[in-house]
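To keep things clear, I will list the structure first and then write my remarks on it.
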Amino acid sequence: MTKTGSASPNRIRAAFSAAMSAMYRKEVPAYGTLMTLVADVNQQALQRDPILEGRLQRTGELSRVSEERHGAIRLGTPAELSTMRRLFAAMGMEPVGYYDLTEAGVPVHSTAFRPIGEDALRRNPFRVFTSLLRLDLIEDPGLRHEAQVLLDARRIFTDRCLALIERSETQGGLNEDEAAEFVREALETFRWHSDALVGPDLYQRLHDAHRLVADVVSFRGPHINHLTPRTLDIDAVQELMPRRGISPKAVVEGPPTRKCPILLRQTSFKALDEAVSFDGHKGQHTARFGEIEARGQALTPKGRALYDRLLTQARDQVRPKADGSNAADYIEALRQSFTGFPDDLDAIRREGLGYFEFSLTEKANSLGDSVIDMDVEALIAAGCLRADPITYEDFLPVSAAGIFQSNLGDDAAQDFQASPNRDRFEADLGAKVQDEFELYQSLQDGSLSRCLSTLGRSDI
Ligand code: OOG
Ligand code: NI
């Protein structure tokens, strides 16, 4: 009997995220080890820091932290990208942001599919960093053509998955049975296949053009290449990883350690060498890796510009080497440079550098009519209004480039003409990508206007 009633996209996304995690745990055992380590560290961080725990409780993140993860895939054609957009839409995930990685020597451009509403983010913030290969950047026209033919011929979605995507679009959602089937079918697209589409010679030529080209073109589908849990203390995880048999990359990407975390800090461990059959010939490919991340506050355009400037300043001084030999110098340069970014929530708020979620305190009731004339800062100073940082839900191009590089191999960077092409990406995607700043601004504005209207005010 078919169950009726429609399954909420939030529930489908949560089920899909859990199914993906279970699959990846089987495929890459080190991911399971990392999950256990992150859970231990997160628990300790909460015990140690009741203020953090209180804040996560208020912003609705406490229950989501240990369930939280992002993944990444690399696609080969515009058709794959636009179908992927429709697949993610069935789980309430929309494309946010445009990332050009050519600048960093990686021939892709990307977006992040993620939930956008406050409630949806609270329920399950699962995101997928999704890149599209830029075959146009491969020099050899013969090889480009061979790659194109392979990509055009492969089918990365099952027929049933395509039918369910269409069903979700035409009937405005899926019922419970369809949703369960959709999760199973969609998972197939992200599965690892150890039998390649190409023989050893072509693999080698693709690999010589760029490792990433070989990773996308040689396989039956866009295997999930990492799944990243969120930790509340990335420095602790970075330090503890070797004790559990995992060796992380030398430096953590993103801002330095701070009292008030901003944006995103990430570290990864190297891809595994995996046995692959190339047309019956035994070989190896490194595709999949592990990553962890710590999420901090979302920054306004002003805050982001400051972040970018300070990061560039540090990297101009010391560029982190892949072998880790200058890691300590880089960490010190980063620390020095970021003394230019206030590390105090009041300063971040007053200077308009970060986004905040506002809520009323109990004291708001006791002040009576006097709240009518107070502005936001006065309400905060009077202890009526509380401002908690809004968590950054997106990615960072320089960090992403570092992650790509560390798992593609140290020789992977090549000089491509930096060539952002957002219009082309959106045409291929079949939709515009959303602007992350607008999304955070509207979360902030929404929280403030709710508080003010509770106080009987209609202004912002
Ligand atoms: C994506 C690398 C970027 C992140 O967390 O910044 C990324 C990839 O290797 O496909 O996942
Ligand atoms: Ni990642």
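A note on labels: chains of the structure tokens are A, B, ... as shown, every chain counts residues from 1, and ligands are counted from 1 in their shown order.
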What are the closest atom pairs, with distances in Å to one decimal, for all residues of chain A lying within 6 Å of ligand 1? Consider only C-alpha atoms and all ligand atoms, order rows by chain and residue number, and present the result as a tab-separated table.
residue	atom	partner	partner_atom_place_in_ligand_line	distance
A:Ala72	CA	ligand 1	10 (O)	4.9
A:Ile73	CA	ligand 1	10 (O)	5.3
A:Arg74	CA	ligand 1	10 (O)	5.7
A:Phe129	CA	ligand 1	11 (O)	5.6
A:Phe395	CA	ligand 1	6 (O)	5.6
A:Ser399	CA	ligand 1	6 (O)	5.6
A:Ala400	CA	ligand 1	6 (O)	3.4
A:Ile403	CA	ligand 1	2 (C)	5.3
A:Phe404	CA	ligand 1	9 (O)	4.4
Just the selected residues (C-alpha atoms), exported as a CSV table (one decimal), in the first residue's frame, please.
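Output file again31.csv follows:
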chain,number,residue,atom,x,y,z
A,72,ALA,CA,31.7,17.4,-2.4
A,73,ILE,CA,31.3,16.2,-5.9
A,74,ARG,CA,32.7,17.1,-9.3
A,129,PHE,CA,30.1,21.7,-2.7
A,395,PHE,CA,32.5,28.0,1.7
A,399,SER,CA,40.3,27.4,1.5
A,400,ALA,CA,38.6,25.3,-1.1
A,403,ILE,CA,41.6,21.5,0.1
A,404,PHE,CA,41.6,20.6,-3.7
> Residues at most 8 Å from Val251 in chain A, counting only C-alpha atoms, excluding those fewer than 2 positions away in the same chain, as a list in words?
Replying inline: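 Skipping anything fewer than 2 positions along the chain leaves Lys249, Glu253, Thr267, Pro320, Gly324, Ala327 and Ile331 of chain A.
The neighbours of Ala89 in chain A here are the residues that come within 12 Å of it, using only C-alpha atoms and leaving out any residue fewer than 6 positions away in the same chain; they are Ser8, Pro9, Asn10, Ile12, Arg13, Ser82, Thr83, Pro95, Phe113, Arg114, Pro115, Ile116, Arg127, Leu164, Ile165, Glu166, Ser168, Glu169, Gly172, Gly173, Leu174 and Ala431 of chain A.
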Residues from last step as file, N, CA and C atoms, as a compact mmCIF listing (two decimals), in the first residue's frame:
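Final output, saved to result-v4.txt:
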# COMPACT_ATOMS: atom_id res chain seq x y z
N SER A 8 8.43 15.97 3.93
CA SER A 8 8.98 17.31 3.84
C SER A 8 10.40 17.23 3.28
N PRO A 9 10.76 18.21 2.43
CA PRO A 9 12.13 18.23 1.88
C PRO A 9 13.18 18.16 3.00
N ASN A 10 12.88 18.76 4.16
CA ASN A 10 13.84 18.71 5.27
C ASN A 10 14.10 17.27 5.71
N ILE A 12 13.61 14.57 3.88
CA ILE A 12 14.30 13.85 2.80
C ILE A 12 15.80 14.15 2.85
N ARG A 13 16.12 15.43 3.07
CA ARG A 13 17.53 15.82 3.14
C ARG A 13 18.23 15.15 4.32
N SER A 82 22.66 20.58 -14.31
CA SER A 82 21.28 21.06 -14.17
C SER A 82 20.39 19.97 -13.58
N THR A 83 20.65 18.71 -13.91
CA THR A 83 19.85 17.64 -13.29
C THR A 83 20.17 17.55 -11.79
N PRO A 95 21.17 26.30 -4.99
CA PRO A 95 22.55 26.75 -5.23
C PRO A 95 22.81 28.13 -4.64
N PHE A 113 25.17 23.63 -2.91
CA PHE A 113 23.74 23.38 -2.74
C PHE A 113 23.48 23.23 -1.25
N ARG A 114 22.53 24.02 -0.76
CA ARG A 114 22.26 23.96 0.69
C ARG A 114 20.86 24.47 0.99
N PRO A 115 20.33 24.13 2.17
CA PRO A 115 19.05 24.71 2.57
C PRO A 115 19.26 26.19 2.88
N ILE A 116 18.21 27.00 2.73
CA ILE A 116 18.42 28.43 2.97
C ILE A 116 17.58 29.03 4.10
N ARG A 127 25.05 20.19 3.13
CA ARG A 127 25.38 20.94 1.93
C ARG A 127 26.31 20.14 1.04
N LEU A 164 11.58 10.07 -10.38
CA LEU A 164 11.14 10.62 -9.08
C LEU A 164 11.41 12.13 -8.99
N ILE A 165 12.50 12.58 -9.61
CA ILE A 165 12.76 14.03 -9.63
C ILE A 165 11.60 14.72 -10.36
N GLU A 166 11.22 14.12 -11.47
CA GLU A 166 10.15 14.72 -12.26
C GLU A 166 8.83 14.71 -11.48
N SER A 168 8.48 14.74 -8.28
CA SER A 168 8.55 15.75 -7.23
C SER A 168 8.24 17.13 -7.80
N GLU A 169 8.73 17.38 -9.01
CA GLU A 169 8.47 18.69 -9.62
C GLU A 169 7.01 18.86 -10.02
N GLY A 172 4.71 18.61 -6.83
CA GLY A 172 5.09 19.52 -5.75
C GLY A 172 5.57 18.80 -4.51
N GLY A 173 6.26 17.69 -4.67
CA GLY A 173 6.81 16.96 -3.53
C GLY A 173 6.65 15.47 -3.73
N LEU A 174 7.14 14.70 -2.76
CA LEU A 174 7.06 13.24 -2.84
C LEU A 174 6.31 12.73 -1.62
N ALA A 431 19.80 28.03 -13.63
CA ALA A 431 19.25 28.90 -12.58
C ALA A 431 20.34 29.86 -12.13
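Between Asp273 in chain A and the candidates A:Thr158, A:Ser194, A:Gln313, A:Ser419, the tightest atom-to-atom separation, counting only C-alpha atoms, involves A:Ser194.
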> Which value, in Å to one decimal, gives the distance between CA of Gln317 in chain A and CA of Leu263 in chain A?
Replying inline: 21.9 Å
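Between CA of Leu132 in chain A and CA of Arg144 in chain A the separation is 14.9 Å.
Residues in contact with Met35 in chain A at up to 10 Å, not including ones fewer than 6 positions away on its chain and judged by only C-alpha atoms, are Ser21, Arg25, Val41, Ser66, Thr228, Pro229, Arg230, Thr231 and Ile292 of chain A.
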Keeping C-alpha atoms, export the residues of the selection given above as a PDB file, in the first residue's frame.
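Full text of result.pdb as output:
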ATOM      1  CA  SER A  21      27.218   9.088   5.760  1.00  0.00           C
ATOM      2  CA  ARG A  25      31.691   5.097   6.334  1.00  0.00           C
ATOM      3  CA  VAL A  41      36.013  16.502  20.943  1.00  0.00           C
ATOM      4  CA  SER A  66      26.841  16.254  15.535  1.00  0.00           C
ATOM      5  CA  THR A 228      33.017  16.592   6.374  1.00  0.00           C
ATOM      6  CA  PRO A 229      31.751  16.624   9.957  1.00  0.00           C
ATOM      7  CA  ARG A 230      31.604  19.883  11.910  1.00  0.00           C
ATOM      8  CA  THR A 231      33.734  20.191  14.995  1.00  0.00           C
ATOM      9  CA  ILE A 292      36.790  18.413   9.138  1.00  0.00           C
TER      10      ILE A 292
END
> Counting only C-alpha atoms and all ligand atoms, which of A:Arg350, A:Arg457, A:Arg55, A:His70 gets nearest to ligand 2?
Replying inline: A:His70
>> I'd like to know which residues of range 133-309 of chain A are strand (DSSP E or B) (by DSSP, run on the backbone); could you write them as a ChimeraX atom specification?
In response: /A:133,174-175,195,226-230,248,253,262,264-269,273-278,281-286,290-295,297,299
Which residues are close to range 340-347 of chain A, i.e. within 8 Å by only C-alpha atoms, leaving aside same-chain residues fewer than 5 positions away? Reply as a compact mmCIF listing (two decimals) with C-alpha atoms, in the first residue's frame.
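To be explicit, this is the file written out as around02.txt:
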# COMPACT_ATOMS: atom_id res chain seq x y z
CA ARG A 258 40.31 33.12 17.66
CA LYS A 259 38.10 33.71 20.69
CA CYS A 260 35.25 34.66 18.35
CA LEU A 306 38.61 42.76 5.78
CA TYR A 307 39.02 38.98 6.05
CA LEU A 310 44.17 40.13 6.02
CA PRO A 389 26.46 35.39 15.86
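Between CA of Ser337 in chain A and CA of Gly290 in chain A the separation is 28.5 Å.
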>> Here is a test: counting only C-alpha atoms and all ligand atoms, which residue of A:Asn407, A:Gln43, A:Thr77, A:Thr33 is nearest to ligand 2?
In response: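 Smallest separation from ligand 2 among the options: A:Asn407.
When only C-alpha atoms and all ligand atoms are used to compute distances to ligand 2, the closest of the residues A:Phe278, A:Phe289, A:Phe437, A:Phe338 turns out to be A:Phe289.
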>> List the spatial neighbours of Ile262 in chain A as a PyMOL selection string - criterion: any atom at most 8 Å away, only C-alpha atoms, same-chain residues fewer than 6 positions off excluded.
In response: chain A and resi 255+295-299+392
>> I need the residues in range 331-389 of chain A that are helix (DSSP H, G or I) according to DSSP; give them as a PyMOL selection string.
In response: chain A and resi 331-340+345-350+363-366+368-373+376-381
